[in-house]
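Visitor: Below is the file input_32.tsv, with TSV, C-alpha atoms and all ligand atoms.
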chain	number	residue	atom	x	y	z
A	16	MET	CA	-31.72	16.23	-59.45
A	17	LYS	CA	-35.43	15.40	-59.23
A	18	LEU	CA	-35.95	18.87	-57.75
A	19	LEU	CA	-34.85	20.61	-60.89
A	20	PRO	CA	-38.18	20.57	-62.77
A	21	ILE	CA	-39.96	21.91	-59.64
A	22	VAL	CA	-37.42	24.70	-59.30
A	23	ALA	CA	-37.89	25.51	-62.99
A	24	LEU	CA	-41.69	25.52	-62.55
A	25	LEU	CA	-41.48	27.83	-59.54
A	26	ALA	CA	-39.18	30.18	-61.40
A	27	ALA	CA	-41.58	30.28	-64.35
A	28	ALA	CA	-44.49	31.01	-61.98
A	29	ALA	CA	-42.52	33.83	-60.31
A	30	THR	CA	-41.70	35.35	-63.70
A	31	ALA	CA	-45.35	35.18	-64.75
A	32	GLN	CA	-46.42	36.87	-61.49
A	33	ALA	CA	-43.85	39.61	-62.01
A	34	GLN	CA	-45.21	40.23	-65.51
A	35	ASP	CA	-48.81	40.27	-64.26
A	36	ALA	CA	-47.99	42.69	-61.44
A	37	GLY	CA	-46.07	44.91	-63.86
A	38	THR	CA	-48.99	44.93	-66.32
A	39	VAL	CA	-51.55	45.88	-63.65
A	40	ILE	CA	-49.36	48.65	-62.23
A	41	ASN	CA	-48.54	50.06	-65.68
A	42	GLY	CA	-52.27	50.11	-66.42
A	43	ILE	CA	-53.20	52.09	-63.30
A	44	TYR	CA	-50.11	54.30	-63.30
A	45	PRO	CA	-51.86	57.48	-64.57
A	46	GLN	CA	-54.19	57.33	-61.53
A	47	LEU	CA	-51.27	56.63	-59.18
A	48	ASP	CA	-49.35	59.57	-60.63
A	49	ALA	CA	-52.28	61.92	-59.97
A	50	ILE	CA	-52.64	60.62	-56.40
A	51	TYR	CA	-48.90	61.03	-55.82
A	52	LYS	CA	-48.82	64.63	-56.99
A	53	ASP	CA	-51.86	65.49	-54.88
A	54	LEU	CA	-50.32	63.90	-51.75
A	55	HIS	CA	-47.01	65.61	-52.47
A	56	ALA	CA	-48.61	69.04	-52.76
A	57	ASN	CA	-50.67	68.61	-49.58
A	58	PRO	CA	-48.47	67.14	-46.83
A	59	GLU	CA	-49.63	66.99	-43.23
A	60	ILE	CA	-47.36	66.59	-40.22
A	61	ALA	CA	-47.46	63.94	-37.48
A	62	PHE	CA	-50.93	63.13	-36.11
A	63	GLN	CA	-52.52	65.81	-38.26
A	64	GLU	CA	-52.83	63.60	-41.36
A	65	THR	CA	-56.63	63.75	-41.58
A	66	ARG	CA	-56.94	64.70	-45.25
A	67	THR	CA	-54.25	62.17	-46.19
A	68	ALA	CA	-55.86	59.38	-44.15
A	69	GLY	CA	-59.29	60.19	-45.62
A	70	LYS	CA	-57.93	59.99	-49.15
A	71	LEU	CA	-56.23	56.64	-48.55
A	72	ALA	CA	-59.31	55.24	-46.82
A	73	ALA	CA	-61.53	56.26	-49.75
A	74	GLU	CA	-59.14	54.73	-52.30
A	75	MET	CA	-58.90	51.46	-50.36
A	76	ARG	CA	-62.71	51.22	-50.11
A	77	LYS	CA	-62.90	51.66	-53.88
A	78	ILE	CA	-60.50	48.72	-54.30
A	79	GLY	CA	-62.69	46.56	-52.05
A	80	PHE	CA	-60.92	46.69	-48.68
A	81	GLU	CA	-62.82	46.90	-45.40
A	82	VAL	CA	-61.45	50.13	-43.88
A	83	THR	CA	-61.27	51.33	-40.27
A	84	GLU	CA	-60.14	54.90	-39.67
A	85	LYS	CA	-58.76	56.73	-36.63
A	86	VAL	CA	-56.71	53.77	-35.35
A	87	GLY	CA	-53.95	55.37	-33.24
A	88	LYS	CA	-55.38	58.89	-33.74
A	89	THR	CA	-55.14	59.30	-37.53
A	90	GLY	CA	-54.16	55.78	-38.66
A	91	VAL	CA	-55.96	53.67	-41.28
A	92	VAL	CA	-56.37	49.88	-41.29
A	93	ALA	CA	-57.59	48.21	-44.48
A	94	ILE	CA	-58.40	44.49	-44.54
A	95	TYR	CA	-58.95	42.27	-47.56
A	96	LYS	CA	-59.89	38.62	-47.01
A	97	ASN	CA	-59.14	36.14	-49.75
A	98	GLY	CA	-59.58	32.66	-48.30
A	99	PRO	CA	-57.54	30.79	-45.70
A	100	GLY	CA	-53.87	31.65	-45.40
A	101	PRO	CA	-51.45	33.98	-43.65
A	102	LEU	CA	-52.24	37.48	-42.41
A	103	VAL	CA	-49.77	39.81	-44.12
A	104	MET	CA	-49.27	43.41	-43.06
A	105	VAL	CA	-48.08	46.16	-45.43
A	106	ARG	CA	-47.33	49.47	-43.80
A	107	THR	CA	-47.05	52.97	-45.20
A	108	GLU	CA	-46.47	56.18	-43.28
A	109	LEU	CA	-48.82	59.14	-43.66
A	110	ASP	CA	-46.85	62.10	-42.34
A	111	GLY	CA	-44.76	64.83	-43.89
A	112	LEU	CA	-42.16	67.00	-42.16
A	113	PRO	CA	-42.54	70.52	-40.71
A	114	MET	CA	-40.28	72.27	-43.22
A	115	ASP	CA	-40.49	74.28	-46.43
A	116	GLU	CA	-39.99	72.42	-49.69
A	117	LYS	CA	-37.42	73.93	-52.07
A	118	SER	CA	-37.53	71.35	-54.88
A	119	GLY	CA	-39.04	73.80	-57.38
A	120	LEU	CA	-41.30	71.02	-58.70
A	121	PRO	CA	-44.58	72.15	-60.29
A	122	TYR	CA	-46.42	70.09	-57.63
A	123	ALA	CA	-44.23	71.23	-54.70
A	124	SER	CA	-45.89	71.82	-51.35
A	125	LYS	CA	-46.52	75.43	-50.37
A	126	ASN	CA	-48.17	74.81	-46.99
A	127	GLY	CA	-45.11	74.85	-44.71
A	128	ALA	CA	-44.87	71.05	-44.55
A	129	ALA	CA	-43.06	68.79	-47.02
A	130	HIS	CA	-42.97	65.15	-48.04
A	131	SER	CA	-39.20	65.30	-48.01
A	132	CYS	CA	-38.91	61.77	-46.60
A	133	GLY	CA	-40.87	60.33	-49.54
A	134	HIS	CA	-43.81	59.04	-47.51
A	135	ASP	CA	-45.98	60.14	-50.46
A	136	VAL	CA	-44.04	57.67	-52.65
A	137	HIS	CA	-44.74	54.94	-50.08
A	138	MET	CA	-48.46	55.75	-49.86
A	139	THR	CA	-48.83	55.69	-53.64
A	140	ALA	CA	-46.92	52.41	-53.96
A	141	TRP	CA	-49.06	51.01	-51.12
A	142	LEU	CA	-52.23	51.86	-53.06
A	143	GLY	CA	-50.72	50.44	-56.26
A	144	ALA	CA	-49.79	47.18	-54.52
A	145	ALA	CA	-53.27	46.93	-52.99
A	146	ARG	CA	-54.88	47.36	-56.41
A	147	ALA	CA	-52.51	44.87	-58.05
A	148	LEU	CA	-53.03	42.25	-55.33
A	149	VAL	CA	-56.81	42.47	-55.59
A	150	THR	CA	-56.66	42.26	-59.38
A	151	LEU	CA	-54.42	39.19	-59.10
A	152	LYS	CA	-56.35	37.58	-56.25
A	153	SER	CA	-56.66	34.27	-58.07
A	154	GLN	CA	-52.89	33.86	-57.61
A	155	TRP	CA	-52.68	34.04	-53.79
A	156	GLN	CA	-54.71	33.39	-50.66
A	157	GLY	CA	-54.91	34.73	-47.13
A	158	THR	CA	-55.71	38.11	-45.60
A	159	LEU	CA	-54.12	41.46	-46.39
A	160	MET	CA	-53.76	44.03	-43.65
A	161	PHE	CA	-52.71	47.34	-45.21
A	162	ILE	CA	-52.01	50.00	-42.60
A	163	GLY	CA	-51.51	53.74	-43.01
A	164	GLN	CA	-49.47	54.75	-39.99
A	165	PRO	CA	-49.39	58.31	-38.67
A	166	ALA	CA	-46.44	60.10	-37.10
A	167	GLU	CA	-43.46	58.05	-38.26
A	168	GLU	CA	-41.24	61.12	-38.16
A	169	THR	CA	-41.85	61.62	-34.45
A	170	VAL	CA	-41.46	57.85	-33.89
A	171	ALA	CA	-44.85	57.85	-32.18
A	172	GLY	CA	-47.32	56.47	-34.74
A	173	ALA	CA	-46.54	52.74	-34.60
A	174	LYS	CA	-46.80	52.87	-30.82
A	175	ALA	CA	-50.11	54.74	-31.06
A	176	MET	CA	-51.58	52.15	-33.43
A	177	LEU	CA	-50.39	49.22	-31.31
A	178	GLU	CA	-51.73	50.85	-28.14
A	179	ASP	CA	-55.06	51.33	-29.93
A	180	GLY	CA	-55.22	47.55	-30.33
A	181	LEU	CA	-53.92	47.14	-33.89
A	182	PHE	CA	-52.92	43.49	-33.41
A	183	LYS	CA	-55.74	42.71	-30.94
A	184	ARG	CA	-58.51	44.12	-33.13
A	185	PHE	CA	-57.25	43.08	-36.55
A	186	GLY	CA	-54.98	40.11	-35.76
A	187	LYS	CA	-51.25	39.69	-35.30
A	188	PRO	CA	-49.67	39.40	-38.75
A	189	ASP	CA	-47.65	36.38	-39.85
A	190	TYR	CA	-45.43	38.70	-41.90
A	191	ALA	CA	-44.96	42.44	-42.17
A	192	PHE	CA	-43.48	44.51	-44.99
A	193	ALA	CA	-42.60	48.16	-45.44
A	194	LEU	CA	-40.55	49.99	-48.01
A	195	HIS	CA	-38.72	53.30	-47.95
A	196	SER	CA	-37.67	55.56	-50.79
A	197	TRP	CA	-33.93	56.20	-50.76
A	198	PRO	CA	-31.50	58.23	-52.91
A	199	LEU	CA	-30.57	55.18	-55.01
A	200	ALA	CA	-31.09	54.83	-58.77
A	201	TYR	CA	-34.71	54.21	-59.67
A	202	GLY	CA	-35.42	50.63	-60.68
A	203	THR	CA	-33.12	49.38	-57.92
A	204	ILE	CA	-33.94	47.80	-54.58
A	205	GLY	CA	-31.73	47.53	-51.49
A	206	TYR	CA	-32.21	45.56	-48.27
A	207	ASN	CA	-30.38	43.61	-45.64
A	208	SER	CA	-30.76	40.88	-43.05
A	209	GLY	CA	-30.47	41.86	-39.41
A	210	PRO	CA	-30.36	45.55	-38.45
A	211	VAL	CA	-31.42	47.97	-41.20
A	212	SER	CA	-32.03	51.06	-39.08
A	213	SER	CA	-30.69	52.43	-35.81
A	214	ASN	CA	-31.75	52.78	-32.20
A	215	SER	CA	-32.54	56.41	-31.56
A	216	ASP	CA	-32.51	58.31	-28.26
A	217	ALA	CA	-33.12	62.03	-27.82
A	218	ILE	CA	-30.92	64.21	-25.61
A	219	GLU	CA	-32.59	67.02	-23.63
A	220	ILE	CA	-30.25	68.66	-21.14
A	221	THR	CA	-30.69	71.87	-19.18
A	222	PHE	CA	-27.43	73.24	-17.74
A	223	LYS	CA	-28.04	75.45	-14.73
A	224	GLY	CA	-26.02	78.52	-13.82
A	225	ARG	CA	-26.72	81.87	-12.24
A	226	GLY	CA	-27.41	84.84	-14.47
A	227	GLY	CA	-25.45	88.07	-14.22
A	228	HIS	CA	-23.59	90.87	-15.98
A	229	GLY	CA	-21.23	89.89	-18.77
A	230	SER	CA	-18.57	92.16	-17.26
A	231	ALA	CA	-18.65	90.38	-13.88
A	232	PRO	CA	-18.57	86.63	-14.49
A	233	ASP	CA	-17.27	86.09	-10.94
A	234	LYS	CA	-20.65	87.25	-9.59
A	235	ALA	CA	-22.48	84.78	-11.83
A	236	LEU	CA	-22.23	81.14	-12.81
A	237	ASP	CA	-21.93	80.81	-16.58
A	238	PRO	CA	-23.95	77.91	-18.07
A	239	ILE	CA	-22.75	78.79	-21.61
A	240	THR	CA	-19.19	77.60	-20.90
A	241	ILE	CA	-20.55	74.48	-19.20
A	242	ALA	CA	-22.67	73.66	-22.24
A	243	ALA	CA	-19.78	74.42	-24.60
A	244	ARG	CA	-17.50	72.04	-22.68
A	245	PHE	CA	-20.17	69.34	-22.79
A	246	VAL	CA	-20.73	69.71	-26.55
A	247	VAL	CA	-17.01	69.14	-27.24
A	248	ASP	CA	-16.28	66.52	-24.59
A	249	VAL	CA	-19.32	64.35	-25.31
A	250	GLN	CA	-17.75	63.32	-28.64
A	251	THR	CA	-15.07	61.39	-26.71
A	252	VAL	CA	-17.78	58.87	-25.81
A	253	ILE	CA	-17.81	58.04	-29.52
A	254	SER	CA	-14.11	58.41	-30.29
A	255	ARG	CA	-12.56	57.04	-27.05
A	256	GLU	CA	-15.10	54.81	-25.27
A	257	LYS	CA	-17.10	53.03	-27.96
A	258	ASP	CA	-15.62	50.10	-29.88
A	259	PRO	CA	-14.52	51.81	-33.13
A	260	LYS	CA	-15.85	48.86	-35.17
A	261	GLU	CA	-19.37	49.42	-33.81
A	262	PHE	CA	-21.76	52.06	-35.10
A	263	GLY	CA	-22.65	54.94	-32.79
A	264	VAL	CA	-23.34	58.66	-33.25
A	265	VAL	CA	-23.97	61.58	-30.91
A	266	THR	CA	-25.13	64.80	-32.55
A	267	ILE	CA	-26.00	68.02	-30.74
A	268	GLY	CA	-28.49	69.75	-32.99
A	269	ALA	CA	-29.66	72.68	-30.84
A	270	ILE	CA	-28.17	74.94	-28.18
A	271	ASN	CA	-30.45	77.58	-26.72
A	272	GLY	CA	-29.34	80.02	-24.05
A	273	GLY	CA	-29.00	83.71	-23.55
A	274	THR	CA	-30.43	86.76	-25.28
A	275	VAL	CA	-27.68	89.32	-25.82
A	276	GLY	CA	-23.90	89.51	-25.59
A	277	ASN	CA	-23.51	91.19	-22.19
A	278	ILE	CA	-25.84	89.05	-20.08
A	279	ILE	CA	-24.89	85.70	-18.62
A	280	PRO	CA	-28.05	83.58	-18.75
A	281	ASP	CA	-29.46	81.39	-15.98
A	282	THR	CA	-29.71	78.25	-18.06
A	283	VAL	CA	-28.71	76.71	-21.37
A	284	LYS	CA	-30.72	74.00	-23.07
A	285	VAL	CA	-28.88	71.47	-25.24
A	286	ARG	CA	-30.70	69.03	-27.49
A	287	GLY	CA	-29.34	66.20	-29.57
A	288	THR	CA	-29.74	62.69	-30.85
A	289	ILE	CA	-27.96	59.40	-30.19
A	290	ARG	CA	-27.90	56.57	-32.76
A	291	SER	CA	-26.67	53.00	-32.42
A	292	TYR	CA	-27.37	49.47	-33.67
A	293	SER	CA	-26.49	47.19	-30.74
A	294	PRO	CA	-28.09	47.43	-27.29
A	295	ALA	CA	-24.65	47.28	-25.59
A	296	VAL	CA	-23.31	50.25	-27.58
A	297	ARG	CA	-26.53	52.13	-26.89
A	298	GLU	CA	-26.16	51.63	-23.12
A	299	LYS	CA	-22.52	52.70	-23.22
A	300	ILE	CA	-23.34	55.94	-25.07
A	301	LEU	CA	-26.30	56.79	-22.84
A	302	ALA	CA	-24.17	56.34	-19.72
A	303	GLY	CA	-21.32	58.39	-21.22
A	304	VAL	CA	-23.58	61.30	-22.22
A	305	ARG	CA	-25.08	61.43	-18.74
A	306	ARG	CA	-21.68	61.24	-17.02
A	307	ILE	CA	-20.09	63.97	-19.17
A	308	ALA	CA	-23.11	66.27	-18.69
A	309	ASN	CA	-22.80	65.92	-14.92
A	310	ALA	CA	-19.02	66.24	-14.98
A	311	SER	CA	-19.17	69.42	-17.11
A	312	ALA	CA	-21.36	71.02	-14.45
A	313	THR	CA	-19.20	69.72	-11.59
A	314	MET	CA	-16.08	71.27	-13.15
A	315	ALA	CA	-17.78	74.68	-12.91
A	316	ASP	CA	-19.08	73.98	-9.41
A	317	ALA	CA	-22.59	74.33	-10.83
A	318	PRO	CA	-25.73	72.45	-9.80
A	319	ALA	CA	-26.32	69.12	-11.51
A	320	PRO	CA	-28.00	69.56	-14.89
A	321	ASP	CA	-31.40	68.09	-15.76
A	322	VAL	CA	-30.49	65.25	-18.10
A	323	GLU	CA	-33.28	63.57	-20.03
A	324	LEU	CA	-32.38	60.77	-22.45
A	325	ILE	CA	-35.61	59.86	-24.17
A	326	PRO	CA	-35.88	56.54	-26.00
A	327	GLY	CA	-37.09	56.82	-29.60
A	328	GLY	CA	-37.19	54.10	-32.22
A	329	ALA	CA	-35.49	50.76	-31.78
A	330	ALA	CA	-33.40	49.30	-34.61
A	331	ILE	CA	-35.36	47.28	-37.18
A	332	ASP	CA	-34.17	43.69	-37.29
A	333	ASN	CA	-35.05	42.20	-40.68
A	334	ASN	CA	-35.99	38.52	-40.49
A	335	ASP	CA	-33.31	36.47	-42.22
A	336	ALA	CA	-35.62	33.74	-43.59
A	337	LEU	CA	-38.10	36.31	-44.93
A	338	VAL	CA	-35.33	38.34	-46.55
A	339	THR	CA	-33.89	35.25	-48.25
A	340	ARG	CA	-37.35	34.18	-49.45
A	341	THR	CA	-38.20	37.65	-50.80
A	342	GLU	CA	-34.79	38.28	-52.34
A	343	GLY	CA	-35.41	35.42	-54.78
A	344	VAL	CA	-38.61	36.89	-56.30
A	345	LEU	CA	-37.22	40.42	-56.41
A	346	LYS	CA	-34.15	39.21	-58.32
A	347	GLN	CA	-36.38	37.27	-60.74
A	348	ALA	CA	-38.45	40.39	-61.41
A	349	PHE	CA	-35.84	43.14	-61.51
A	350	GLY	CA	-32.61	41.31	-62.32
A	351	ASP	CA	-29.60	40.52	-60.11
A	352	ALA	CA	-27.91	43.82	-60.94
A	353	ASN	CA	-30.82	45.88	-59.59
A	354	VAL	CA	-31.48	44.00	-56.36
A	355	ALA	CA	-28.71	44.08	-53.78
A	356	ARG	CA	-27.94	43.97	-50.10
A	357	MET	CA	-26.88	47.34	-48.69
A	358	PRO	CA	-25.51	48.54	-45.36
A	359	ALA	CA	-27.95	49.44	-42.58
A	360	MET	CA	-29.08	53.06	-42.53
A	361	THR	CA	-28.14	55.24	-39.58
A	362	ALA	CA	-31.65	56.72	-39.42
A	363	SER	CA	-34.35	55.28	-37.19
A	364	GLU	CA	-37.79	53.96	-38.06
A	365	ASP	CA	-40.67	52.82	-35.89
A	366	PHE	CA	-41.51	49.85	-38.14
A	367	SER	CA	-39.33	48.13	-35.50
A	368	GLN	CA	-42.27	48.37	-33.08
A	369	TYR	CA	-44.26	45.82	-35.09
A	370	VAL	CA	-41.26	43.54	-35.60
A	371	ASN	CA	-40.47	43.68	-31.88
A	372	GLN	CA	-43.93	42.23	-31.16
A	373	GLY	CA	-42.57	39.02	-32.72
A	374	VAL	CA	-43.69	39.56	-36.32
A	375	PRO	CA	-41.14	38.49	-38.96
A	376	GLY	CA	-40.60	41.65	-40.97
A	377	MET	CA	-38.75	42.99	-43.95
A	378	PHE	CA	-38.04	46.67	-44.52
A	379	PHE	CA	-36.50	47.45	-47.90
A	380	PHE	CA	-35.40	50.47	-49.90
A	381	THR	CA	-36.35	51.55	-53.40
A	382	GLY	CA	-34.48	54.07	-55.54
A	383	VAL	CA	-35.94	57.38	-56.71
A	384	TYR	CA	-33.33	59.14	-58.85
A	385	ASP	CA	-32.16	58.94	-62.46
A	386	PRO	CA	-29.36	56.34	-62.55
A	387	LYS	CA	-27.12	58.77	-64.50
A	388	VAL	CA	-27.51	61.43	-61.81
A	389	VAL	CA	-26.74	58.89	-59.06
A	390	ALA	CA	-23.67	57.64	-60.98
A	391	GLU	CA	-22.40	61.23	-61.36
A	392	ALA	CA	-22.88	61.85	-57.63
A	393	ASP	CA	-21.04	58.61	-56.81
A	394	LYS	CA	-18.11	59.85	-58.91
A	395	GLY	CA	-17.91	63.04	-56.86
A	396	GLY	CA	-20.29	65.14	-58.97
A	397	LYS	CA	-23.27	67.09	-57.72
A	398	PRO	CA	-24.61	65.24	-54.67
A	399	VAL	CA	-28.21	63.98	-54.83
A	400	ALA	CA	-30.61	65.32	-52.21
A	401	PHE	CA	-30.98	62.96	-49.27
A	402	ASN	CA	-34.20	62.22	-47.38
A	403	HIS	CA	-35.22	65.21	-45.20
A	404	SER	CA	-33.49	67.65	-47.54
A	405	PRO	CA	-35.80	70.48	-48.70
A	406	TYR	CA	-34.62	69.54	-52.22
A	407	TYR	CA	-35.61	65.85	-51.97
A	408	ALA	CA	-37.40	65.24	-55.26
A	409	PRO	CA	-38.11	61.62	-56.25
A	410	VAL	CA	-38.76	61.02	-59.95
A	411	PRO	CA	-42.31	59.58	-59.77
A	412	GLU	CA	-42.07	57.31	-62.82
A	413	PRO	CA	-40.63	54.68	-62.70
A	414	SER	CA	-39.82	54.97	-58.95
A	415	ILE	CA	-43.44	54.40	-57.86
A	416	LYS	CA	-43.95	51.56	-60.36
A	417	THR	CA	-40.89	49.67	-59.07
A	418	ALA	CA	-41.92	50.19	-55.45
A	419	ALA	CA	-45.51	49.05	-56.06
A	420	GLN	CA	-44.43	46.03	-58.08
A	421	ALA	CA	-41.79	44.99	-55.55
A	422	MET	CA	-44.30	45.17	-52.70
A	423	THR	CA	-46.91	43.22	-54.68
A	424	LEU	CA	-44.43	40.43	-55.41
A	425	ALA	CA	-43.05	40.30	-51.87
A	426	VAL	CA	-46.58	39.88	-50.50
A	427	MET	CA	-47.76	37.30	-53.06
A	428	ASN	CA	-44.64	35.30	-52.41
A	429	VAL	CA	-45.64	34.62	-48.78
A	430	MET	CA	-49.29	33.91	-49.66
A	431	PRO	CA	-49.04	31.01	-52.10
A	432	LYS	CA	-52.17	29.40	-53.48
A	501	ZN	ZN	-38.03	60.69	-42.35
A	502	ZN	ZN	-39.35	58.22	-43.67
Show me, as structure tokens, the structure contained in the file I just sent.
Guide:
Amino acid sequence: MKLLPIVALLAAAATAQAQDAGTVINGIYPQLDAIYKDLHANPEIAFQETRTAGKLAAEMRKIGFEVTEKVGKTGVVAIYKNGPGPLVMVRTELDGLPMDEKSGLPYASKNGAAHSCGHDVHMTAWLGAARALVTLKSQWQGTLMFIGQPAEETVAGAKAMLEDGLFKRFGKPDYAFALHSWPLAYGTIGYNSGPVSSNSDAIEITFKGRGGHGSAPDKALDPITIAARFVVDVQTVISREKDPKEFGVVTIGAINGGTVGNIIPDTVKVRGTIRSYSPAVREKILAGVRRIANASATMADAPAPDVELIPGGAAIDNNDALVTRTEGVLKQAFGDANVARMPAMTASEDFSQYVNQGVPGMFFFTGVYDPKVVAEADKGGKPVAFNHSPYYAPVPEPSIKTAAQAMTLAVMNVMPK
């Protein structure tokens, strides 16, 4: 019972911090909005984010951070020291995707790349949180390590930054946070303990045959039928071998072989992706894909195919204690109804690389669409555009405000005075 007044005091302090963070972010929102629209209109793809990195570096210097550029090719590291205390990392991604945007927004990209994963939302929220934290520096202590990571979409940027000595040069963080825009209602936040993203492995298979005339298949060895058999049969790894209660996906996204209808080609290239959460399921799928590729060739008496299964991102494992600790302040600030646990996403993310170095991390999602539009979609109405859709079009305000405020509060909460 004696604890009650302390709990009440802490709750009051958390509410005051939420109000302060909200006030700062509302005050700077016009600048954030301009930055967002500029980033959105000028996306750059993996490891080519030089303009983007330069812009973020300049903004962070203005706020008072000590900035190092070109960490892991195009990455940015911004440090702000504010007395003794934990080192807390906040990560944003810098890259857009190599695709045309079709959102029709007045600030849509026209350069052949698109921020259709919302990394521009994350960068803007990252800047907003940095500004809010520095403004409110009397309320926390420790060191901020804000990183702008290149090449998230190719799952190569986190690795590049770590290999360039991120944790050796700037210190290994005590906590790490990242957020991701998601097609939820704006003003809402989703997260989970344990896995929040998937393991990802790429499939690159070349089936080998012997080219010939389409009218004389007996004189040739047809790699198209071998590839076709593989594409169908490989799904039995998911439907017949994997535990149906466990998550696992195999998708073949590209088949390339042949030129015209009457020529049997020499080879067919098949590319795909494998997703899973647990290491055991991952191993089972990898083995199954390899076995079925080989067996498909054997059935045609063809040479063994070249099978490359290339590891991509590992699943992000959110730290349970950190999630529980952060959940409290987010609920205080945004209300129980707007802050909820959600199932893990099936996509992959290389934020896991930092977490797998032994850094307790939390990766959470923030909504970007009008709640009415999301509710309609949930009822079977017009679906909302998902991340990586050419129509992905976050509503900047209040999506960016919520994201910036949530990140500010999550960080302050682990850096108490
Ligand atoms: Zn993406
Ligand atoms: Zn993304």
Visitor: Can you tell me, as a list in words, what residues are no more than 9 Å from A:Lys52 when counting all atoms listed in the file, ignoring any on the same chain fewer than 2 positions away?
Guide: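 Here the answer would be Leu47, Asp48, Ala49, Ile50, Leu54, His55, Ala56, Asn57, Tyr122, Ala123, Asp135 and Pro411 of chain A.
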Visitor: Using all atoms listed in the file, can you tell me which of A:Glu116, A:Glu74, A:Arg306, A:Asn402 comes closest to ligand ZN 502 (chain A)?
Guide: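 Result for the nearest residue to ligand ZN 502 (chain A): A:Asn402.
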Visitor: May I ask for the distance between atom CA of A:Lys117 and atom CA of A:Asp385, given in Å to one decimal place?
Guide: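 Value for the atom CA of A:Lys117-atom CA of A:Asp385 distance: 19.0 Å.
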Visitor: Find the spatial neighbours of A:His134, counting only C-alpha atoms, within a cut-off of 12 Å - ignore same-chain residues fewer than 4 positions away - and output them as an MDAnalysis selection string.
Guide: chainID A and resid 51 54:55 57:61 64 67 106:112 129:130 138:141 163:168 193:197 402:403 407:409 415
Visitor: How many Å lie between atom CA of A:Ala235 and atom CA of A:Gly268, rounded to one decimal?
Guide: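 These atoms are spaced 26.6 Å apart.
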Visitor: For A:Thr158, which residue out of A:Ala329, A:Ile204, A:Ala295, A:Ile94 is the nearest one, using only C-alpha atoms?
Guide: A:Ile94
Visitor: Got a sec: who's within 9 Å of A:Glu219, counting only C-alpha atoms, leaving out chain neighbours fewer than 2 positions off, as a PDB file with C-alpha atoms, keeping the file's coordinate frame?
Guide:
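Result file follows (around_13.pdb):
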ATOM      1  CA  ALA A 217     -33.120  62.030 -27.820  1.00  0.00           C
ATOM      2  CA  THR A 221     -30.690  71.870 -19.180  1.00  0.00           C
ATOM      3  CA  LYS A 284     -30.720  74.000 -23.070  1.00  0.00           C
ATOM      4  CA  VAL A 285     -28.880  71.470 -25.240  1.00  0.00           C
ATOM      5  CA  ARG A 286     -30.700  69.030 -27.490  1.00  0.00           C
ATOM      6  CA  GLY A 287     -29.340  66.200 -29.570  1.00  0.00           C
ATOM      7  CA  THR A 288     -29.740  62.690 -30.850  1.00  0.00           C
ATOM      8  CA  ASP A 321     -31.400  68.090 -15.760  1.00  0.00           C
ATOM      9  CA  VAL A 322     -30.490  65.250 -18.100  1.00  0.00           C
ATOM     10  CA  GLU A 323     -33.280  63.570 -20.030  1.00  0.00           C
ATOM     11  CA  LEU A 324     -32.380  60.770 -22.450  1.00  0.00           C
ATOM     12  CA  ILE A 325     -35.610  59.860 -24.170  1.00  0.00           C
TER      13      ILE A 325
END
Visitor: Counting all atoms listed in the file, figure out which residue out of A:Gly133, A:Gly227, A:Gly157, A:Gly37 gets nearest to ligand ZN 502 (chain A).
Guide: A:Gly133
Visitor: Compare A:Lys299, A:Lys397, A:Arg290, A:His137 by their minimum atom-to-atom distance to ligand ZN 502 (chain A), counting only C-alpha atoms and all ligand atoms, and give me the closest one.
Guide: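 Going through A:Lys299, A:Lys397, A:Arg290, A:His137 one by one, the smallest distance to ligand ZN 502 (chain A) is for A:His137.
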